[in-house]
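Down below is the structure, laid out as structure tokens.
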There are 8 protein chains.
Amino acid sequence: MLLEKGQKLLFIGDSITDCERQRPNGEGLFFALGKGYVALVDALLQSVYPELGIRVVNKGNSGNTVRDLQERWQEDVLDQKPDWLSIMIGINDVWRQYDTPLITEYHVYAEEYEKTLRNLVAKTKPHLQGLVLMTPFYLEPNPEDKMRKTMDEYGAIVKKVAADTGAVFIDTQAAFNVVLEELYPATLAWDRVHPSYAGHMVLARAFLKEVGFEWNRG
Amino acid sequence: MLLEKGQKLLFIGDSITDCERQRPNGEGLFFALGKGYVALVDALLQSVYPELGIRVVNKGNSGNTVRDLQERWQEDVLDQKPDWLSIMIGINDVWRQYDTPLITEYHVYAEEYEKTLRNLVAKTKPHLQGLVLMTPFYLEPNPEDKMRKTMDEYGAIVKKVAADTGAVFIDTQAAFNVVLEELYPATLAWDRVHPSYAGHMVLARAFLKEVGFEWNRG
Amino acid sequence: MLLEKGQKLLFIGDSITDCERQRPNGEGLFFALGKGYVALVDALLQSVYPELGIRVVNKGNSGNTVRDLQERWQEDVLDQKPDWLSIMIGINDVWRQYDTPLITEYHVYAEEYEKTLRNLVAKTKPHLQGLVLMTPFYLEPNPEDKMRKTMDEYGAIVKKVAADTGAVFIDTQAAFNVVLEELYPATLAWDRVHPSYAGHMVLARAFLKEVGFEWNRG
Amino acid sequence: MLLEKGQKLLFIGDSITDCERQRPNGEGLFFALGKGYVALVDALLQSVYPELGIRVVNKGNSGNTVRDLQERWQEDVLDQKPDWLSIMIGINDVWRQYDTPLITEYHVYAEEYEKTLRNLVAKTKPHLQGLVLMTPFYLEPNPEDKMRKTMDEYGAIVKKVAADTGAVFIDTQAAFNVVLEELYPATLAWDRVHPSYAGHMVLARAFLKEVGFEWNRG
Amino acid sequence: MLLEKGQKLLFIGDSITDCERQRPNGEGLFFALGKGYVALVDALLQSVYPELGIRVVNKGNSGNTVRDLQERWQEDVLDQKPDWLSIMIGINDVWRQYDTPLITEYHVYAEEYEKTLRNLVAKTKPHLQGLVLMTPFYLEPNPEDKMRKTMDEYGAIVKKVAADTGAVFIDTQAAFNVVLEELYPATLAWDRVHPSYAGHMVLARAFLKEVGFEWNRG
Amino acid sequence: MLLEKGQKLLFIGDSITDCERQRPNGEGLFFALGKGYVALVDALLQSVYPELGIRVVNKGNSGNTVRDLQERWQEDVLDQKPDWLSIMIGINDVWRQYDTPLITEYHVYAEEYEKTLRNLVAKTKPHLQGLVLMTPFYLEPNPEDKMRKTMDEYGAIVKKVAADTGAVFIDTQAAFNVVLEELYPATLAWDRVHPSYAGHMVLARAFLKEVGFEWNRG
Amino acid sequence: MLLEKGQKLLFIGDSITDCERQRPNGEGLFFALGKGYVALVDALLQSVYPELGIRVVNKGNSGNTVRDLQERWQEDVLDQKPDWLSIMIGINDVWRQYDTPLITEYHVYAEEYEKTLRNLVAKTKPHLQGLVLMTPFYLEPNPEDKMRKTMDEYGAIVKKVAADTGAVFIDTQAAFNVVLEELYPATLAWDRVHPSYAGHMVLARAFLKEVGFEWNRG
Amino acid sequence: MLLEKGQKLLFIGDSITDCERQRPNGEGLFFALGKGYVALVDALLQSVYPELGIRVVNKGNSGNTVRDLQERWQEDVLDQKPDWLSIMIGINDVWRQYDTPLITEYHVYAEEYEKTLRNLVAKTKPHLQGLVLMTPFYLEPNPEDKMRKTMDEYGAIVKKVAADTGAVFIDTQAAFNVVLEELYPATLAWDRVHPSYAGHMVLARAFLKEVGFEWNRG
């Protein structure tokens with residue numbers, strides 16, 4: 001597996017990452033990691049690779065856009081000195097354009113999104129052992145849906161940034177698309193954004209597959 | 001995998017199974033399955049085998065002993081007509097002997113435990129496609145600890161019943177023992193009984209291994 | 001206007017109708033009528049036609065299907081002796097097929113839906129001055145979406161029943177479709193089912209247009 | 001209609017305007033606009049003119065007098081840069097003279113009321129596309145009632161200011177008087193001040209009539 | 001004073017009497033008598049005539065009409081075996097005609113009111129040492145107000161019943177009218193019905209004056 | 001009566017005065033004056049002398065000693081510019097010596113009590129139309145009880161200060177003693193300090209008697 | 001010590017015994033025994049004589065008189081089959097005579113008290129290994145106080161019953177009197193009835209002294 | 001006894017000491033001392049030695065390590081000027097190494113523990129009449145358990161510091177070991193750390209034995 005003994009793995013993102021994590025630390029006993037994909041990744045790492053002692057930290061904040069990440073980057077990422085960093089951001093950047101179209105101050109358009117993301121990656125990657133970039137996603141099976149199209153566009157930006165910087169790339173939309181062939185979106189999320197446990201497992205599995213996790217070991 | 005398309009899989013047990021499941025149904029949207037190993041099994045089945053449509057139901061009740069299961073068996077198991085049934089019971093049967101030793105009415109000793117469990121299995125197995133028996137467990141690494149010894153004794157009963165009836169057998173204590181070689185019990189549970197997410201993942205993985213689940217498919 | 005002085009107008013339905021109405025009566029001071037389309041219809045009738053004294057009663061219950069209406073029909077409709085009755089039901093009949101596809105007991109398929117609805121209409125219409133049948137709706141602009149298609153099918157049943165029985169027919173889906181040409185669904189409802197005030201106004205206006213309400217009078 | 005595509009319409013006032021709006025923004029998803037006439041105006045604009053995209057903002061604060069508006073004018077009005085502004089203030093200015101007659105610090109008498117209102121209008125109107133002035137009101141049908149007489153006096157000041165400055169003028173008392181011919185005040189408000197939904201609809205309709213809203217379009 | 005040593009004085013009525021009394025008893029330590037005129041009468045009797053030991057009981061129920069009193073008369077009056085009984089009822093009988101004019105089931109018209117009240121008095125007075133009848137009231141100074149006129153009509157019925165049966169008569173409306181010459185109704189009650197402490201003192205003083213209470217004794 | 005039209009009467013003291021008054025103002029609508037003797041004095045003044053418009057303000061703070069009054073004197077008394085001031089303090093000064101005898105920092109002994117009280121009176125009386133000094137009290141009938149003796153000593157100080165400065169003097173202990181001849185202390189207060197309504201009426205009546213209040217006027 | 005290995009010791013009484021015990025059982029983990037003298041007796045027995053395994057059960061109910069004990073005796077005492085029983089009752093029997101003197105239904109006078117207590121003892125003692133009778137008490141140092149005198153009278157009845165039946169007798173008043181020579185009652189209890197921890201320790205120690213408990217063993 | 005009349009005894013420590021004490025003072029009426037061993041020591045001192053007037057203060061803070069004590073030492077110990085000081089710290093210093101092994105910032109290893117403790121003792125002892133050092137403990141009977149071994153190591157440090165500085169030494173682990181021979185740990189504490197009342201009594205008794213407390217006096 002890519003993660004090594006004693007390393008710190010930090011996740012940052014929006015409400016999908018947050019999932020009621022404890023504040024301010026985002027790590028510790030009980031349900032400090034929330035109840036989303038971060039907690040599942042941690043549970044899988046701890047139960048399958050207990051000897052590695054991977055330290056998982058959750059710094060997701062509900063409602064965040066990439067603009068919000070930028071503001072708290074020093075404190076919540078750089079000061080934490082993680083060995084591995086995983087970023088999943090962009091859902092709110094897109095969603096606000098569709099649920100509050102008149103409040104344009106809330107929107108983060110593609111150009112700003114890409115520029116900000118590149119900037120965050122540039123100043124952090126040199127300090128990392130590994131960087132993971134996860135695309136935002138939308139639990140909408142119709143690729144012609146307006147918001148799905150925009151989300152795909154943001155996902156393509158993430159892919160490009162990952163390629164340009166050599167980061168591990170996770171196509172969460174692709175992982176969900178497989179499931180959406182079988183399940184109607186309402187089964188996974190009434191609002192097509194905040195997934196059920198099953199949806200979070202899709203994310204956790206997509207992440208772990210790319211870092212070399214082996215379910216059957218031990 | 002042993003589970004087939006459209007089957008109903010029902011879990012029954014105590015607080016480890018319960019984990020804040022919704023009442024009375026124990027299935028449905030959002031967090032109806034609680035946040036323990038049942039929810040994790042469901043999340044893994046739904047995300048990896050979405051096309052199978054396995055219907056998972058959680059009928060765990062906090063504090064239950066095998067004596068309590070017997071009382072609600074008709075309504076909570078037989079009337080539900082599951083295809084697969086998983087039973088994990090015995091922790092409270094043992095624990096009450098150690099945390100309230102003077103209140104002997106609360107204790108379920110080994111003889112009654114075995115007899116009751118055999119009775120429940122006997123009258124249910126003919127109606128099932130598959131039966132899974134999970135041992136109770138105790139997150140105590142010292143095999144000479146009194147309560148751990150008693151728990152092991154109850155686990156041996158479960159093993160014997162499984163063997164005698166051809167049920168799928170899950171040795172949860174053995175699964176935990178692997179992890180306890182690396183982690184001190186307090187990391188998994190302050191009270192050595194109610195596990196963290198990682199502990200529940202140990203249970204979910206132990207269950208899934210025995211029913212032929214394949215993490216890497218798809 | 002079709003409604004006459006001193007008449008009682010009763011609305012029955014699901015959560016769209018309910019909208020936090022007071023229980024058990026569903027009428028009275030303050031916010032007894034909830035805060036959905038029923039309250040808006042009442043507010044428009046009272047403010048524009050205060051001299052008519054139309055008595056509005058809300059008997060919506062969240063989560064109801066047509067099967068639930070049937071069970072409480074005697075108490076909540078017939079015993080109330082309304083002059084006018086408005087029924088909007090079917091969203092949950094359809095939604096459960098898509099958000100909990102495995103729990104088939106929750107589903108009300110088209111045949112049962114039509115039969116039950118016809119039965120309720122048949123035994124009530126003779127006692128009424130006027131009957132209004134509102135279609136269920138889904139705030140999904142893509143007519144090829146699976147759930148939207150099923151909802152349209154149920155709407156067609158309502159239309160047929162209205163035509164066969166001479167009821168006033170309200171095509172709520174059609175009313176929403178006009179708005180959905182301009183607004184993305186998330187603006188009106190994150191879950192595409194429970195509308196904002198603006199969405200409830202679409203319903204209230206659609207209803208009032210068909211009963212001859214005139215905004216500019218007085 | 002007077003309001004044009006993409007314009008921002010800001011309402012400011014007291015508890016009648018506030019009606020549990022969200023803070024601090026007073027706009028956004030769900031019930032951010034409260035549940036009073038502002039929310040109704042927005043719902044009618046969005047449902048009937050969805051293509052215009054009028055952005056409605058609610059800056060009402062419960063208990064406010066014109067003196068309170070003055071204190072927060074820069075932040076809550078000028079900094080918001082609205083295209084249209086609607087002001088309805090004066091009820092508390094008058095009410096305190098009648099419900100706490102001994103606490104004279106709470107009273108805002110007519111002279112101060114007029115001077116302050118004129119001042120606010122003077123420094124704001126040049127930046128606006130349109131200004132609406134709504135009179136305060138009192139749900140008391142007896143024109144000889146002391147408090148009603150004072151309220152009418154404040155309404156006359158609003159009318160004069162509107163005439164002098166070319167603002168759109170809404171006589172809310174006159175709109176209510178029509179309804180009060182049919183309904184006893186207690187039907188609309190136990191305290192003759194905070195209206196029911198029907199009362200708020202009277203206000204919303206009075207507003208919309210003066211800005212050219214057409215119910216029957218589309 | 002008319003009340004004698006060791007007697008039990010029971011008050012029955014609506015929310016004006018109730019005022020958050022303790023249930024079910026309506027007597028006892030702390031604030032068992034509520035915080036309205038009943039508590040004030042008790043406080044004045046206990047503090048000025050402590051040697052008499054008058055036992056005061058509060059059986060007011062919010063929202064009650066004379067029809068509700070009739071239903072609970074056996075349990076809440078006759079079974080209590082009071083020496084003195086004070087009845088103040090009628091406000092809701094009238095109010096409902098004005099605040100929910102369409103829900104006619106809630107209304108108790110004058111004929112039923114008089115008949116029921118006479119019936120209650122007839123079957124109770126023979127068992128009493130003394131009976132006090134207090135009129136309902138409305139804190140509306142305008143005698144031409146519709147609801148005030150109706151309330152006066154009900155007050156006249158109480159007066160007539162008192163005269164016919166030799167009961168002590170308390171004209172609460174007259175007592176309030178004196179105060180209303182000086183104070184605007186909103187000072188005493190925003191809804192013109194539920195009085196402030198000062199309003200309750202008006203009631204307590206009106207009651208005590210008619211039973212011979214002397215403030216200056218002792 | 002000593003109090004004249006339009007005057008402001010301010011009460012300051014401890015929990016007996018406070019009685020859940022509203023903060024910070026201690027005056028206004030509803031139960032702003034709390035539910036103790038201050039509210040009763042106000043209710044009696046407003047109901048019997050409504051034309052005088054006496055403005056009552058409550059600045060009692062639970063737990064206060066004379067030392068606490070001194071700290072907030074400028075803000076809570078001098079800045080309020082009352083015409084009449086009533087002070088009742090000393091219960092906690094004494095009580096702490098008996099309920100927490102070991103925490104001597106909480107005790108205010110007689111010398112400090114007298115000196116502080118004289119200081120407050122000296123700097124305030126010149127600005128007042130009238131000053132009322134009420135003794136502290138203890139609902140203990142046994143004059144040989146230790147705490148009662150100390151309380152009597154503090155009462156004697158208040159009497160001396162009143163005599164020296166020409167203040168109106170209210171002997172609350174004497175007023176209670178009359179009642180305590182008839183009632184056991186537990187009837188008035190379980191802790192012999194916080195009185196029932198009847199006890200508060202004893203205080204209110206003692207106060208009003210000394211300022212010339214006439215119950216029977218009007 | 002009088003208590004022997006494996007015996008069950010049941011306490012019954014009023015709020016002094018109850019002290020927030022868990023319901024319905026009154027025994028078990030955590031704070032099931034409440035936080036009064038019963039919990040202290042249990043803590044001392046368990047910590048000093050852990051090998052005896054004395055099972056302590058708390059069946060105190062707040063507000064109870066001996067009349068209430070009689071009503072629940074079968075279920076709460078006889079059905080529990082205790083080896084030892086301790087009764088402390090009478091405080092409310094007396095207190096109600098002093099705090100609600102007018103509600104005579106609440107009073108249990110000496111004759112009824114003695115008769116009922118004797119009856120309960122008579123039908124229970126034959127089934128017991130040991131019976132303990134604790135007097136009621138009053139934290140009032142003045143023996144001439146009316147309520148203290150009555151309480152002493154009830155204590156004398158308990159003493160007489162203990163002597164006549166050979167029960168172990170605990171004079172709780174005497175135990176408190178020693179402490180009251182040093183401490184003013186308010187230090188132990190504001191209401192002179194519900195003791196602080198120190199007061200409950202006085203009770204626990206008085207109990208344990210009479211059953212042969214030795215602090216210094218082990 | 002070592003403690004003398006009028007002395008102040010201050011306890012500092014972690015959650016075992018804290019036990020819901022009141023903040024910020026940690027002393028006073030009612031349950032200001034919490035409900036753990038500090039409250040029990042106080043109750044035993046007050047009830048058995050009431051004439052000494054020992055003032056007990058609780059400054060325990062849940063979760064504290066010796067590092068946290070150091071930070072608040074000036075305010076919570078030195079400024080309090082106690083005559084006697086009792087310190088029990090170290091449980092969290094050790095526990096964090098076992099329940100959150102990956103978050104090394106939380107761990108206080110033996111070297112830092114000893115150095116900090118010595119430093120606190122050094123700067124405080126000169127100002128004290130008496131110093132008591134209590135070992136941390138772990139309710140684990142197996143001396144080979146990893147965390148128990150570490151805890152024993154910290155206990156040895158406390159013993160050494162006590163010997164070097166002439167402090168009174170309390171071996172709490174030894175006191176518990178006696179009880180653990182009879183009781184399984186779960187009887188005293190599910191998490192083997194936070195004791196039941198019986199466990200706290202073990203601590204209180206161990207403390208009192210070393211300061212010369214005599215249960216049988218008086």
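For the structure tokens, the naming scheme is as follows: chains receive sequential letters (A, B, ...) according to their order of presentation, residues are indexed from 1 within each chain, and ligands are indexed from 1 in presentation order.
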
Per residue of chain C within 10 Å of chain D, what are the shortest atom pair and its distance in Å to one decimal, counting only C-alpha atoms, with rows by chain and residue number, as a tab-separated table?
```
residue	atom	partner	partner_atom	distance
C:Gly28	CA	D:Thr187	CA	9.6
C:Leu29	CA	D:Thr187	CA	7.5
C:Phe30	CA	D:Ser196	CA	6.2
C:Phe31	CA	D:Ser196	CA	7.7
C:Leu33	CA	D:Tyr197	CA	9.7
C:Lys35	CA	D:Lys35	CA	8.3
C:Ala39	CA	D:Tyr197	CA	7.2
C:Leu40	CA	D:Tyr197	CA	7.4
C:Val41	CA	D:Ala198	CA	9.3
C:Asp42	CA	D:Ala198	CA	7.1
C:Ala43	CA	D:Ala198	CA	3.8
C:Leu44	CA	D:Ala198	CA	6.5
C:Leu45	CA	D:Ala198	CA	8.1
C:Gln46	CA	D:Ala198	CA	5.9
C:Ser47	CA	D:Ala198	CA	5.4
C:Val48	CA	D:Val202	CA	7.8
C:Tyr49	CA	D:Val179	CA	8.5
C:Pro50	CA	D:Glu182	CA	6.0
C:Glu51	CA	D:Glu182	CA	5.5
C:Leu52	CA	D:Glu182	CA	9.0
C:Gly53	CA	D:Glu182	CA	8.9
C:Ala175	CA	D:Ser47	CA	9.5
C:Phe176	CA	D:Ser47	CA	8.8
C:Val178	CA	D:Gly218	CA	8.4
C:Val179	CA	D:Pro50	CA	6.1
C:Leu180	CA	D:Pro50	CA	8.7
C:Glu181	CA	D:Glu51	CA	8.6
C:Glu182	CA	D:Glu51	CA	5.6
C:Leu183	CA	D:Pro50	CA	7.0
C:Ala186	CA	D:Leu29	CA	9.4
C:Thr187	CA	D:Leu29	CA	7.5
C:Leu188	CA	D:Leu29	CA	8.6
C:Ala189	CA	D:Phe30	CA	8.3
C:Trp190	CA	D:Leu29	CA	9.3
C:Pro195	CA	D:Phe30	CA	8.9
C:Ser196	CA	D:Phe30	CA	6.2
C:Tyr197	CA	D:Ala43	CA	5.5
C:Ala198	CA	D:Ala43	CA	3.8
C:Gly199	CA	D:Ser47	CA	6.8
C:His200	CA	D:Ala43	CA	8.1
C:Met201	CA	D:Ala43	CA	6.1
C:Val202	CA	D:Ser47	CA	5.7
C:Leu203	CA	D:Ser47	CA	9.4
C:Arg205	CA	D:Trp215	CA	8.6
C:Lys209	CA	D:Asn216	CA	8.5
C:Glu214	CA	D:Trp215	CA	8.7
C:Trp215	CA	D:Trp215	CA	6.4
C:Asn216	CA	D:Trp215	CA	8.1
C:Gly218	CA	D:Val178	CA	8.4
```

Going by DSSP on the backbone, which bits of range 71-177 of chain C are strand (DSSP E)? Write them as a ChimeraX atom specification, please.
/C:84-88,130-134,168-170

Shell around range 54-66 of chain A at 9 Å using only C-alpha atoms, local window under 2 positions removed, as a PyMOL selection string:
(chain A and resi 3-28+32-34+38-39+41-42+45-46+49-52+68-71+76-77+82+89-94+107-108+112-113+116-117) or (chain H and resi 102-103)

How about saving the chosen residues, C-alpha atoms kept, as a tab-separated table (two decimals), in the first residue's frame?
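New file selection.tsv:
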```tsv
chain	number	residue	atom	x	y	z
A	3	LEU	CA	0.50	4.72	2.84
A	4	GLU	CA	3.31	3.88	5.21
A	5	LYS	CA	3.59	3.16	8.91
A	6	GLY	CA	3.01	6.16	11.14
A	7	GLN	CA	1.92	8.57	8.43
A	8	LYS	CA	-0.73	11.24	8.83
A	9	LEU	CA	-3.49	11.36	6.21
A	10	LEU	CA	-5.57	14.55	6.13
A	11	PHE	CA	-8.87	14.97	4.27
A	12	ILE	CA	-10.22	18.40	3.44
A	13	GLY	CA	-13.46	19.31	1.70
A	14	ASP	CA	-17.07	20.29	2.14
A	15	SER	CA	-20.09	18.69	3.88
A	16	ILE	CA	-19.46	15.33	2.19
A	17	THR	CA	-16.13	15.25	3.97
A	18	ASP	CA	-17.34	16.93	7.17
A	19	CYS	CA	-20.31	14.66	8.02
A	20	GLU	CA	-20.58	15.91	11.63
A	21	ARG	CA	-16.88	15.53	12.46
A	22	GLN	CA	-15.84	16.84	15.88
A	23	ARG	CA	-14.49	20.35	16.15
A	24	PRO	CA	-11.99	21.78	16.16
A	25	ASN	CA	-9.64	18.82	15.91
A	26	GLY	CA	-11.32	16.42	13.52
A	27	GLU	CA	-9.64	13.39	15.07
A	28	GLY	CA	-9.77	11.44	18.31
A	32	ALA	CA	-14.47	12.43	15.91
A	33	LEU	CA	-14.09	11.63	12.20
A	34	GLY	CA	-17.79	12.08	11.48
A	38	VAL	CA	-13.44	9.70	5.93
A	39	ALA	CA	-14.64	7.62	8.88
A	41	VAL	CA	-11.56	4.96	5.14
A	42	ASP	CA	-10.20	5.18	8.68
A	45	LEU	CA	-7.37	1.13	7.41
A	46	GLN	CA	-7.47	0.50	11.15
A	49	TYR	CA	-3.86	-2.62	8.60
A	50	PRO	CA	-3.84	-2.08	12.37
A	51	GLU	CA	-0.07	-2.40	12.52
A	52	LEU	CA	0.46	0.62	10.26
A	68	ASP	CA	-13.25	28.84	1.67
A	69	LEU	CA	-10.47	26.25	1.59
A	70	GLN	CA	-8.04	28.92	0.50
A	71	GLU	CA	-8.90	31.05	3.50
A	76	ASP	CA	-6.14	23.55	8.53
A	77	VAL	CA	-3.63	22.03	6.11
A	82	PRO	CA	0.22	15.87	6.92
A	89	ILE	CA	-14.04	20.23	-3.34
A	90	GLY	CA	-16.32	21.85	-5.90
A	91	ILE	CA	-19.85	20.68	-5.17
A	92	ASN	CA	-20.90	23.93	-3.54
A	93	ASP	CA	-18.96	25.94	-6.12
A	94	VAL	CA	-21.36	24.48	-8.67
A	107	HIS	CA	-20.91	31.27	-7.11
A	108	VAL	CA	-17.38	30.10	-7.84
A	112	GLU	CA	-11.58	30.85	-10.32
A	113	TYR	CA	-12.04	27.25	-9.26
A	116	THR	CA	-7.46	28.52	-6.75
A	117	LEU	CA	-7.12	24.76	-6.76
H	102	LEU	CA	-1.46	8.02	17.20
H	103	ILE	CA	-2.05	11.50	18.61
```

Proximity to Leu131 in chain D - best of D:Thr100, D:Asn119, D:Thr150, D:Ser86, only C-alpha atoms:
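Selected residue with least distance to Leu131 in chain D: D:Ser86.
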